[in-house]
Structure formats: C-alpha cells, structure tokens
$ cat start38.txt   # compact mmCIF, C-alpha atoms and all ligand atoms
# COMPACT_ATOMS: atom_id res chain seq x y z
CA LEU A 1234 15.05 -32.79 -79.62
CA PRO A 1235 18.66 -31.93 -78.67
CA ALA A 1236 19.28 -31.10 -75.01
CA GLU A 1237 20.69 -27.71 -75.90
CA ALA A 1238 18.88 -24.90 -77.67
CA GLY A 1239 20.10 -24.21 -81.18
CA PRO A 1240 19.77 -21.23 -83.53
CA ASP A 1241 16.01 -21.73 -83.58
CA ASP A 1242 15.75 -20.79 -79.89
CA VAL A 1243 15.22 -17.10 -80.84
CA VAL A 1244 12.01 -17.14 -82.89
CA ILE A 1245 11.77 -13.32 -82.94
CA GLY A 1246 14.79 -11.30 -81.73
CA SER A 1247 15.39 -7.58 -81.16
CA GLY A 1248 13.78 -5.28 -83.71
CA ASP A 1249 10.21 -6.28 -82.96
CA ASP A 1250 8.15 -5.12 -79.98
CA ALA A 1251 9.09 -8.17 -77.94
CA ALA A 1252 11.29 -11.21 -78.33
CA ILE A 1253 9.82 -14.69 -78.83
CA LEU A 1254 11.99 -17.42 -77.36
CA ARG A 1255 11.74 -21.19 -77.50
CA PRO A 1256 13.33 -23.25 -74.72
CA PRO A 1257 14.06 -26.86 -75.72
CA ALA A 1258 11.50 -29.52 -74.83
CA GLY A 1259 12.03 -31.10 -71.42
CA HIS A 1260 13.61 -27.97 -69.97
CA ASP A 1261 12.50 -25.38 -67.42
CA LEU A 1262 12.89 -21.63 -68.04
CA VAL A 1263 15.38 -19.97 -65.64
CA ALA A 1264 15.35 -16.19 -64.99
CA THR A 1265 17.44 -13.72 -62.99
CA THR A 1266 18.07 -9.97 -63.00
CA ASP A 1267 20.67 -7.57 -61.63
CA ALA A 1268 21.03 -3.80 -61.68
CA PHE A 1269 24.17 -1.69 -61.32
CA VAL A 1270 23.92 1.91 -60.16
CA GLU A 1271 26.73 4.36 -60.89
CA GLY A 1272 28.74 5.21 -57.78
CA ARG A 1273 27.28 2.32 -55.83
CA HIS A 1274 28.06 -0.78 -57.91
CA TYR A 1275 30.73 0.63 -60.17
CA ALA A 1276 32.98 3.66 -60.11
CA PRO A 1277 33.54 5.20 -63.55
CA ALA A 1278 37.05 6.25 -62.50
CA TRP A 1279 38.08 2.61 -62.13
CA PHE A 1280 36.15 0.89 -64.90
CA GLU A 1281 36.42 1.04 -68.66
CA ALA A 1282 32.99 1.11 -70.32
CA ARG A 1283 33.56 -2.45 -71.63
CA GLU A 1284 34.38 -3.65 -68.12
CA ILE A 1285 31.17 -2.23 -66.67
CA GLY A 1286 29.14 -4.13 -69.27
CA ALA A 1287 31.13 -7.33 -68.82
CA ARG A 1288 30.83 -7.18 -65.04
CA LEU A 1289 27.06 -6.79 -65.19
CA ALA A 1290 26.94 -9.83 -67.48
CA ILE A 1291 29.11 -11.81 -65.03
CA ALA A 1292 26.87 -10.83 -62.08
CA ASN A 1293 23.90 -12.39 -63.88
CA LEU A 1294 25.86 -15.35 -65.27
CA SER A 1295 27.03 -16.05 -61.72
CA ASP A 1296 23.42 -16.60 -60.63
CA PHE A 1297 23.08 -19.10 -63.47
CA ALA A 1298 26.27 -20.86 -62.37
CA ALA A 1299 24.82 -21.13 -58.86
CA MET A 1300 21.76 -22.92 -60.32
CA ALA A 1301 23.78 -24.97 -62.84
CA ALA A 1302 21.58 -23.49 -65.56
CA ARG A 1303 22.46 -22.68 -69.16
CA PRO A 1304 22.18 -18.96 -70.02
CA ARG A 1305 20.53 -18.15 -73.38
CA TRP A 1306 18.84 -14.79 -73.72
CA ALA A 1307 19.30 -11.36 -72.16
CA LEU A 1308 17.33 -8.10 -71.98
CA LEU A 1309 19.32 -4.92 -71.26
CA SER A 1310 17.97 -1.61 -69.98
CA ILE A 1311 20.19 1.45 -69.62
CA GLY A 1312 19.48 4.75 -67.88
CA ALA A 1313 22.05 7.20 -69.30
CA ARG A 1314 22.50 10.96 -69.05
CA GLY A 1315 22.04 12.93 -72.24
CA GLU A 1316 25.75 13.84 -72.45
CA HIS A 1317 26.88 10.19 -72.27
CA GLU A 1318 29.15 9.55 -75.24
CA LEU A 1319 27.66 7.18 -77.76
CA ASP A 1320 31.02 5.42 -78.23
CA ALA A 1321 31.16 4.60 -74.53
CA LEU A 1322 27.62 3.19 -74.57
CA VAL A 1323 28.50 1.02 -77.56
CA ALA A 1324 31.67 -0.19 -75.81
CA LEU A 1325 29.63 -1.04 -72.70
CA GLN A 1326 27.18 -3.08 -74.75
CA ASP A 1327 30.06 -4.78 -76.60
CA GLY A 1328 31.70 -5.80 -73.32
CA LEU A 1329 28.38 -7.15 -72.06
CA ALA A 1330 27.61 -9.01 -75.30
CA GLU A 1331 31.09 -10.55 -75.40
CA ALA A 1332 30.85 -11.88 -71.84
CA LEU A 1333 27.40 -13.34 -72.59
CA ALA A 1334 28.53 -14.85 -75.90
CA ALA A 1335 31.38 -16.67 -74.12
CA GLU A 1336 28.66 -18.65 -72.32
CA GLY A 1337 26.34 -19.05 -75.31
CA ALA A 1338 23.91 -16.22 -74.49
CA SER A 1339 22.92 -13.12 -76.47
CA VAL A 1340 20.96 -9.88 -76.03
CA VAL A 1341 17.50 -10.24 -77.60
CA GLY A 1342 16.03 -6.90 -76.58
CA GLY A 1343 16.64 -3.72 -74.65
CA ASN A 1344 15.69 -0.20 -73.78
CA LEU A 1345 17.54 3.12 -73.41
CA ALA A 1346 16.13 5.77 -71.05
CA ALA A 1347 17.43 9.30 -70.40
CA VAL A 1348 18.21 10.16 -66.75
CA ASP A 1349 19.38 13.34 -65.00
CA GLY A 1350 21.08 11.80 -61.97
CA ALA A 1351 23.06 8.61 -61.43
CA GLU A 1352 23.23 6.29 -64.40
CA TRP A 1353 22.17 2.67 -64.10
CA LEU A 1354 22.10 -0.59 -66.00
CA SER A 1355 19.72 -3.49 -65.60
CA LEU A 1356 20.19 -6.90 -67.18
CA THR A 1357 17.64 -9.71 -67.17
CA LEU A 1358 19.08 -13.09 -68.09
CA LEU A 1359 16.96 -16.03 -69.22
CA GLY A 1360 18.00 -19.60 -69.90
CA GLU A 1361 17.16 -23.16 -69.26
CA THR A 1362 17.83 -26.28 -67.27
CA PRO A 1363 16.62 -29.86 -67.84
CA HIS A 1364 13.58 -30.64 -65.63
CA GLY A 1365 14.72 -31.31 -62.07
CA ARG A 1366 18.45 -30.95 -62.78
CA GLY A 1367 19.17 -27.42 -61.53
CA TRP A 1368 20.88 -26.78 -58.18
CA THR A 1369 19.27 -24.87 -55.33
CA ARG A 1370 20.43 -23.52 -51.95
CA SER A 1371 18.36 -26.03 -50.02
CA GLY A 1372 19.78 -29.43 -51.03
CA ALA A 1373 22.80 -29.67 -48.70
CA ARG A 1374 22.92 -32.45 -46.07
CA ALA A 1375 24.89 -32.70 -42.82
CA GLY A 1376 28.22 -34.32 -43.65
CA ASP A 1377 28.42 -32.85 -47.15
CA LEU A 1378 31.75 -31.23 -47.89
CA LEU A 1379 31.97 -27.47 -48.36
CA ALA A 1380 33.86 -26.41 -51.46
CA VAL A 1381 34.71 -22.96 -52.76
CA THR A 1382 36.06 -21.87 -56.15
CA GLY A 1383 38.78 -19.29 -56.64
CA ALA A 1384 39.82 -17.05 -53.77
CA PRO A 1385 36.86 -15.21 -52.22
CA GLY A 1386 37.76 -11.91 -50.61
CA ARG A 1387 39.94 -10.65 -53.43
CA ALA A 1388 37.24 -8.49 -55.04
CA GLY A 1389 36.38 -6.73 -51.78
CA ALA A 1390 40.08 -6.19 -51.06
CA GLY A 1391 40.61 -4.74 -54.54
CA CYS A 1392 37.71 -2.36 -54.12
CA LEU A 1393 38.97 -1.26 -50.69
CA LEU A 1394 42.50 -0.72 -52.01
CA ALA A 1395 41.16 1.43 -54.85
CA ARG A 1396 39.24 3.56 -52.34
CA ARG A 1397 42.11 3.91 -49.88
CA LEU A 1398 45.05 4.32 -52.25
CA GLY A 1399 43.40 6.00 -55.22
CA ALA A 1400 45.17 5.95 -58.58
CA GLU A 1401 48.31 4.47 -56.99
CA ALA A 1402 46.66 1.06 -56.51
CA GLY A 1403 46.11 0.24 -60.18
CA ALA A 1404 49.74 0.44 -61.25
CA THR A 1405 51.20 -1.68 -58.48
CA ALA A 1406 51.50 -5.23 -57.20
CA TRP A 1407 47.87 -4.88 -56.02
CA ARG A 1408 46.65 -5.16 -59.62
CA PRO A 1409 45.50 -8.83 -59.33
CA LEU A 1410 43.19 -7.84 -56.45
CA LEU A 1411 41.78 -4.91 -58.43
CA ASP A 1412 41.25 -7.24 -61.37
CA ALA A 1413 39.26 -9.62 -59.17
CA TRP A 1414 36.94 -6.69 -58.49
CA ILE A 1415 36.87 -5.13 -61.97
CA ARG A 1416 37.11 -8.25 -64.17
CA PRO A 1417 35.56 -11.26 -62.39
CA SER A 1418 35.29 -14.64 -64.15
CA SER A 1419 32.20 -16.61 -65.10
CA ARG A 1420 31.83 -20.03 -63.44
CA VAL A 1421 29.03 -21.22 -65.77
CA LYS A 1422 31.19 -23.75 -67.65
CA LEU A 1423 32.40 -25.30 -64.41
CA ALA A 1424 28.86 -25.49 -63.02
CA LEU A 1425 27.50 -27.21 -66.14
CA ALA A 1426 30.40 -29.70 -66.06
CA LEU A 1427 29.81 -30.35 -62.35
CA ARG A 1428 26.09 -30.85 -62.93
CA SER A 1429 26.98 -33.89 -65.03
CA SER A 1430 29.21 -35.26 -62.25
CA ASP A 1431 26.27 -35.44 -59.79
CA ALA A 1432 28.61 -34.34 -57.00
CA VAL A 1433 26.90 -31.11 -55.95
CA THR A 1434 23.88 -31.12 -53.60
CA ALA A 1435 23.46 -27.33 -53.17
CA ALA A 1436 25.11 -24.12 -54.34
CA ILE A 1437 25.15 -20.34 -54.06
CA ASP A 1438 27.36 -17.71 -55.67
CA VAL A 1439 29.50 -15.27 -53.70
CA SER A 1440 27.86 -11.95 -54.51
CA ASP A 1441 27.77 -10.48 -50.98
CA GLY A 1442 30.74 -12.19 -49.34
CA PHE A 1443 31.71 -15.74 -48.34
CA GLY A 1444 30.33 -15.58 -44.80
CA GLY A 1445 27.06 -13.90 -45.76
CA ASP A 1446 26.37 -16.14 -48.74
CA LEU A 1447 27.30 -19.31 -46.82
CA ALA A 1448 24.78 -18.23 -44.17
CA HIS A 1449 22.08 -17.99 -46.88
CA LEU A 1450 22.84 -21.51 -48.10
CA CYS A 1451 22.90 -22.91 -44.55
CA GLU A 1452 19.58 -21.24 -43.75
CA ALA A 1453 17.94 -22.68 -46.87
CA SER A 1454 19.30 -26.16 -46.11
CA GLY A 1455 18.58 -25.96 -42.34
CA LEU A 1456 22.24 -26.66 -41.52
CA GLY A 1457 25.39 -25.15 -40.02
CA ALA A 1458 28.95 -25.29 -41.32
CA GLU A 1459 32.51 -25.65 -40.08
CA ILE A 1460 35.32 -23.92 -41.97
CA VAL A 1461 38.81 -25.30 -41.37
CA GLU A 1462 41.22 -22.38 -41.62
CA ALA A 1463 44.16 -24.66 -42.54
CA SER A 1464 42.31 -25.89 -45.66
CA TRP A 1465 41.68 -22.39 -46.97
CA PRO A 1466 43.83 -21.69 -50.07
CA ALA A 1467 46.93 -19.66 -49.21
CA ASP A 1468 46.78 -16.14 -50.65
CA PRO A 1469 49.95 -14.16 -49.80
CA LEU A 1470 48.74 -11.10 -51.74
CA LEU A 1471 45.50 -10.97 -49.74
CA GLU A 1472 47.56 -11.30 -46.54
CA ARG A 1473 49.68 -8.31 -47.58
CA ALA A 1474 46.52 -6.37 -48.45
CA ALA A 1475 45.15 -7.05 -44.96
CA GLU A 1476 48.33 -5.55 -43.46
CA LYS A 1477 48.30 -2.57 -45.80
CA LEU A 1478 44.61 -1.88 -45.13
CA ASP A 1479 44.98 -2.60 -41.42
CA VAL A 1480 42.03 -5.02 -41.40
CA GLY A 1481 42.03 -8.66 -40.31
CA LEU A 1482 42.75 -11.27 -42.98
CA GLU A 1483 39.52 -12.99 -41.93
CA VAL A 1484 37.55 -9.82 -42.61
CA LEU A 1485 38.84 -9.82 -46.18
CA ARG A 1486 38.33 -13.58 -46.69
CA PHE A 1487 34.88 -13.93 -45.19
CA GLY A 1488 33.47 -10.38 -45.20
CA PRO A 1489 31.72 -8.38 -47.92
CA SER A 1490 33.15 -9.13 -51.38
CA ASP A 1491 31.38 -9.73 -54.69
CA ASP A 1492 33.77 -12.28 -56.17
CA TYR A 1493 31.17 -14.20 -58.21
CA GLU A 1494 32.80 -17.46 -57.12
CA LEU A 1495 30.77 -20.52 -56.06
CA ILE A 1496 30.12 -22.10 -52.67
CA LEU A 1497 29.19 -25.75 -53.19
CA ALA A 1498 27.88 -28.55 -50.98
CA VAL A 1499 29.55 -31.73 -52.24
CA ASP A 1500 28.54 -35.33 -51.66
CA PRO A 1501 31.64 -36.79 -49.92
CA ARG A 1502 31.36 -39.94 -52.04
CA ARG A 1503 31.72 -37.78 -55.15
CA ARG A 1504 34.63 -35.66 -53.92
CA ALA A 1505 37.17 -37.06 -56.41
CA ALA A 1506 34.80 -36.53 -59.35
CA CYS A 1507 34.17 -32.96 -58.21
CA GLU A 1508 37.88 -32.16 -57.87
CA GLU A 1509 38.71 -33.80 -61.19
CA THR A 1510 35.98 -31.83 -62.99
CA ALA A 1511 37.30 -28.56 -61.54
CA ARG A 1512 40.85 -29.45 -62.59
CA ALA A 1513 39.69 -30.28 -66.12
CA SER A 1514 37.82 -26.93 -66.22
CA GLY A 1515 40.93 -25.03 -65.14
CA VAL A 1516 39.20 -23.57 -62.07
CA SER A 1517 40.78 -23.82 -58.62
CA LEU A 1518 38.45 -25.47 -56.12
CA ALA A 1519 39.20 -26.11 -52.46
CA ILE A 1520 37.38 -28.22 -49.90
CA VAL A 1521 37.41 -25.88 -46.90
CA GLY A 1522 35.06 -27.58 -44.45
CA HIS A 1523 31.78 -29.43 -44.12
CA PHE A 1524 28.12 -28.95 -43.27
CA THR A 1525 26.78 -29.82 -39.82
CA ASP A 1526 23.35 -30.48 -38.32
CA ALA A 1527 23.58 -27.36 -36.08
CA PRO A 1528 21.27 -24.93 -37.94
CA GLY A 1529 22.74 -21.47 -38.39
CA ALA A 1530 26.04 -22.19 -36.58
CA LEU A 1531 28.97 -21.07 -38.77
CA THR A 1532 32.19 -22.05 -37.02
CA LEU A 1533 35.82 -21.32 -37.90
CA VAL A 1534 38.30 -23.97 -36.76
CA THR A 1535 41.55 -22.00 -36.49
CA THR A 1536 45.03 -23.38 -37.25
CA ASP A 1537 45.75 -23.66 -33.51
CA GLY A 1538 42.65 -25.83 -33.05
CA GLY A 1539 40.49 -23.07 -31.57
CA ARG A 1540 36.83 -22.69 -32.52
CA ARG A 1541 34.86 -19.50 -32.91
CA ALA A 1542 32.06 -17.93 -34.90
CA LEU A 1543 32.98 -17.28 -38.53
CA PRO A 1544 33.45 -13.54 -38.94
CA SER A 1545 31.38 -12.26 -41.85
CA GLY A 1546 30.85 -8.56 -41.18
CA GLY A 1547 33.37 -5.84 -41.96
CA PHE A 1548 33.14 -2.86 -44.19
CA ASP A 1549 30.67 -1.56 -46.74
CA HIS A 1550 32.63 -2.15 -49.93
CA PHE A 1551 29.87 -0.57 -52.02
CA ALA A 1552 30.40 2.83 -50.43
CA LEU A 1553 32.60 4.02 -53.27
CA SER A 1554 32.12 7.74 -53.16
MG MG B 1 23.18 -15.16 -56.47

$ encode --input "start38.txt" --output "structure tokens"
Amino acid sequence: LPAEAGPDDVVIGSGDDAAILRPPAGHDLVATTDAFVEGRHYAPAWFEAREIGARLAIANLSDFAAMAARPRWALLSIGARGEHELDALVALQDGLAEALAAEGASVVGGNLAAVDGAEWLSLTLLGETPHGRGWTRSGARAGDLLAVTGAPGRAGAGCLLARRLGAEAGATAWRPLLDAWIRPSSRVKLALALRSSDAVTAAIDVSDGFGGDLAHLCEASGLGAEIVEASWPADPLLERAAEKLDVGLEVLRFGPSDDYELILAVDPRRRAACEETARASGVSLAIVGHFTDAPGALTLVTTDGGRRALPSGGFDHFALS
C-alpha cells in the first residue's frame, strides 16, 4: 500500500450519520481538537469570517506539525446565534476548508448548534503518521540544538496593538504584526519534510508563547535550555512595537503569543540537513540555543554575556474585550 492515503481514505463522508475513514496500513491514527470562543480567541471586529475559519484550521494543523503527522480528516462544530448571517457562516467554512485543503485534509462531518450567548467553533482534526515516526515533546537530549521557525512574539504583539490602538493599527506599518495574529501560517509541510531528514528529536508548537511552550517541551524531556539572545532573529518591527506598547522586547518575544510556529530539538550532527530542509521549504529557521541537563532551568544568555532566567510571563493577550 502507498505510504499516503488516497481518495479511498474516506469510505463514507459527510451526509451519513457518521464518517468512515481508512488510515493507510502501517500508520497510526493521530487526533487533536481546538475550540475558539468569540471575544476570547477571536474578535469579530478584527477578523473576516474566512480568517476566523482559516485560523481555527491553522491552530489544529499546528498541532499536527508539532507531531510531524499528516492531517487528513476534520469534524467541525459551530455554535452560532440565530441572527448569524448565512453568508458569513459559509465564508467561515470556506476559509477553514481552504486552509485544510492546502495540507491535504478535508471536512468529513460537522454540526451546527444554536446559541444565545458567545459564539464558538470547535474543530477536531484526524490524520496519520507511519508507526513510530511521529515527533513528541519528550525526545530531546542534552546537547541538542534548539531551533525556532519564523519570529515568535509577532502574533501577541499584533493582538496587543489592535487592543491598544484600535482601528488605527490595521492601516499602518504595524500590519505585518496584525497579520501574524490574524493570518498565521501552517508549518505542516516543513514538519513532514524535516521528518524525512531525521534531524528532529522533539518538537512543540508555539500556541501559548515561546517561553511557556519551551518549558512544556523541557519538562517532558527532563531538560533545561539556554537561549542565546544574539542568535535570535533580528525583528526591527517587533522592537518598535515594544517601544510603542511600552513593554520589554523580551516580553513580546518570549511571552504569551499564539504564533503557531515550531520549537524543535535538533540533533547537532544533523544541523546542516535541518537548515537545508527549512531553506528548501521557504521557512525561516534559526538555531537560538541548546538543551541542557539542568531540568526546568530556562536561561537567557544576553548580548553582554549576562545570564538570567528566560522571561515568559507578561500580559493576557486573550483578554480582547
Ligand atoms: Mg500544540
């Protein structure tokens, strides 16, 4: 049998009482779910309906990227108020379906419920990984390099700018930061390419914030980590945002931010293969430190050679209202 599921993977799709799915032989079934609640995970004033759907898809796809798993099938539940325009609901589902389709997944079932209060969306994503080939949070070893994709912190900064500046923020030079929040990218293709390179020993996606998610990975692996400030990718726009918002740059970089980027533990002997794969995938990837055998100790080595605990707290970027 081929390693990847084909058209026969959906035996019975939507339209019946339940879907019947067929993962390829030799593969394990992978499952994740995420819910967005209006006002808490998205603000209607800032998001087009399509963008809300796409972002929910990316949140789930990001979990698949973190496991190096291939997404296949999705189940969508929506709690919508009676006055919700049908066109907007269709646009939301289109945005979600398009983001899933870009990674080879499709909606195979769903449910629409009427609510009186806040609206919500829940997506369950199913897929597959060859036996024993998926990544976990627990595989990192002391001495492994610590890599990060993209520029974590941008989504949280964009959300904070929207809250502080209101409508002004969207039409200005801050737009790339707002886009990081509103229109994040999927890292599934990169993860599947990296899986073949055998360079990655553990992974997690940045759904809470770099510092918080790194702590989860370190806890699962029983390790600590050192971040070298000088290796962190320069981000002049984020620096300007820190000034404008009057918060420390480190708070934006390492604090709460749902960027849906990846934190990877990389076998140092496979560093070149890892970097080459990222280049070929068109995704920026930086080696920003390494893992240590000091469990739970997350240390920032500053540009002046100082050492201190990695800041990871900050603000509640979900408090949108
Ligand atoms: Mg995750």

$ residues_near_ligand --input "start38.txt" --ligand "ligand MG 1 (chain B)" --cutoff "12 Å" --atoms "only C-alpha atoms and all ligand atoms" --output "MDAnalysis selection string"
chainID A and resid 1264:1267 1291:1301 1368:1370 1436:1443 1445:1447 1449:1450 1491:1496

$ residues_near_point --input "start38.txt" --point "(33.2, -28.6, -43.8)" --cutoff "12 Å" --atoms "only C-alpha atoms" --output "ChimeraX atom specification"
/A:1373-1381,1447,1451,1456-1465,1496-1501,1519-1526,1531-1534

$ atom_distance --input "start38.txt" --atom1 "atom CA of A:Leu1254" --atom2 "atom CA of A:Leu1309"
15.7 Å

$ closest_residue --input "start38.txt" --among "A:Ala1332, A:Ala1413, A:Ala1251, A:Ala1338" --to "A:Gly1383" --atoms "only C-alpha atoms"
A:Ala1413

$ residues_near_point --input "start38.txt" --point "(25.0, -29.1, -62.7)" --cutoff "7 Å" --atoms "only C-alpha atoms" --output "NGL selection string"
:A and (1301 or 1366-1368 or 1424-1429)

$ atom_distance --input "start38.txt" --atom1 "atom CA of A:Glu1284" --atom2 "atom CA of A:Asp1327"
9.6 Å

$ decode --input "start38.txt" --residues "stretch 1288-1299 of chain A" --atoms "all heavy atoms" --output "short mmCIF file (atom, residue, chain, number, x, y, z; two decimals), in the first residue's frame"
data_model
loop_
_atom_site.label_atom_id
_atom_site.label_comp_id
_atom_site.auth_asym_id
_atom_site.auth_seq_id
_atom_site.Cartn_x
_atom_site.Cartn_y
_atom_site.Cartn_z
N ARG A 1288 -7.99 30.44 10.67
CA ARG A 1288 -7.14 30.44 11.86
C ARG A 1288 -7.42 29.22 12.74
O ARG A 1288 -6.50 28.64 13.33
CB ARG A 1288 -7.35 31.73 12.65
CG ARG A 1288 -6.27 31.99 13.68
CD ARG A 1288 -6.34 33.43 14.19
NE ARG A 1288 -5.20 33.74 15.02
CZ ARG A 1288 -5.11 33.45 16.31
NH1 ARG A 1288 -6.10 32.81 16.89
NH2 ARG A 1288 -4.05 33.75 17.00
N LEU A 1289 -8.69 28.82 12.82
CA LEU A 1289 -9.00 27.62 13.59
C LEU A 1289 -8.36 26.39 12.93
O LEU A 1289 -7.84 25.51 13.62
CB LEU A 1289 -10.53 27.43 13.69
CG LEU A 1289 -10.96 26.18 14.46
CD1 LEU A 1289 -10.48 26.24 15.92
CD2 LEU A 1289 -12.48 26.02 14.42
N ALA A 1290 -8.39 26.35 11.59
CA ALA A 1290 -7.73 25.25 10.90
C ALA A 1290 -6.23 25.24 11.21
O ALA A 1290 -5.65 24.20 11.51
CB ALA A 1290 -7.96 25.35 9.39
N ILE A 1291 -5.60 26.42 11.17
CA ILE A 1291 -4.15 26.51 11.42
C ILE A 1291 -3.82 26.08 12.85
O ILE A 1291 -2.81 25.41 13.08
CB ILE A 1291 -3.64 27.95 11.17
CG1 ILE A 1291 -3.85 28.36 9.71
CG2 ILE A 1291 -2.18 28.08 11.58
CD1 ILE A 1291 -3.04 27.60 8.69
N ALA A 1292 -4.68 26.44 13.82
CA ALA A 1292 -4.43 26.06 15.21
C ALA A 1292 -4.34 24.53 15.32
O ALA A 1292 -3.49 23.99 16.03
CB ALA A 1292 -5.52 26.61 16.12
N ASN A 1293 -5.23 23.84 14.63
CA ASN A 1293 -5.21 22.37 14.65
C ASN A 1293 -4.07 21.81 13.81
O ASN A 1293 -3.38 20.87 14.22
CB ASN A 1293 -6.55 21.82 14.14
CG ASN A 1293 -7.65 21.87 15.19
OD1 ASN A 1293 -7.88 20.91 15.91
ND2 ASN A 1293 -8.30 23.01 15.31
N LEU A 1294 -3.86 22.39 12.63
CA LEU A 1294 -2.76 21.93 11.77
C LEU A 1294 -1.42 22.09 12.49
O LEU A 1294 -0.50 21.29 12.32
CB LEU A 1294 -2.75 22.73 10.46
CG LEU A 1294 -3.90 22.42 9.50
CD1 LEU A 1294 -3.99 23.48 8.40
CD2 LEU A 1294 -3.73 21.02 8.88
N SER A 1295 -1.32 23.14 13.30
CA SER A 1295 -0.08 23.40 14.03
C SER A 1295 0.25 22.25 15.00
O SER A 1295 1.41 21.88 15.17
CB SER A 1295 -0.20 24.72 14.79
OG SER A 1295 0.99 25.04 15.45
N ASP A 1296 -0.78 21.68 15.61
CA ASP A 1296 -0.55 20.51 16.48
C ASP A 1296 -0.04 19.32 15.66
O ASP A 1296 0.78 18.54 16.14
CB ASP A 1296 -1.84 20.12 17.20
CG ASP A 1296 -2.17 21.07 18.35
OD1 ASP A 1296 -1.24 21.66 18.92
OD2 ASP A 1296 -3.36 21.21 18.67
N PHE A 1297 -0.54 19.20 14.45
CA PHE A 1297 -0.05 18.13 13.57
C PHE A 1297 1.39 18.38 13.16
O PHE A 1297 2.20 17.45 13.10
CB PHE A 1297 -0.96 17.97 12.34
CG PHE A 1297 -2.03 16.95 12.55
CD1 PHE A 1297 -2.99 17.13 13.52
CD2 PHE A 1297 -2.08 15.79 11.79
CE1 PHE A 1297 -3.96 16.18 13.76
CE2 PHE A 1297 -3.04 14.83 12.02
CZ PHE A 1297 -3.99 15.02 13.00
N ALA A 1298 1.73 19.64 12.88
CA ALA A 1298 3.12 19.97 12.54
C ALA A 1298 4.04 19.59 13.69
O ALA A 1298 5.12 19.03 13.49
CB ALA A 1298 3.23 21.46 12.22
N ALA A 1299 3.58 19.88 14.93
CA ALA A 1299 4.41 19.59 16.11
C ALA A 1299 4.64 18.09 16.29
O ALA A 1299 5.60 17.68 16.95
CB ALA A 1299 3.75 20.17 17.36
#
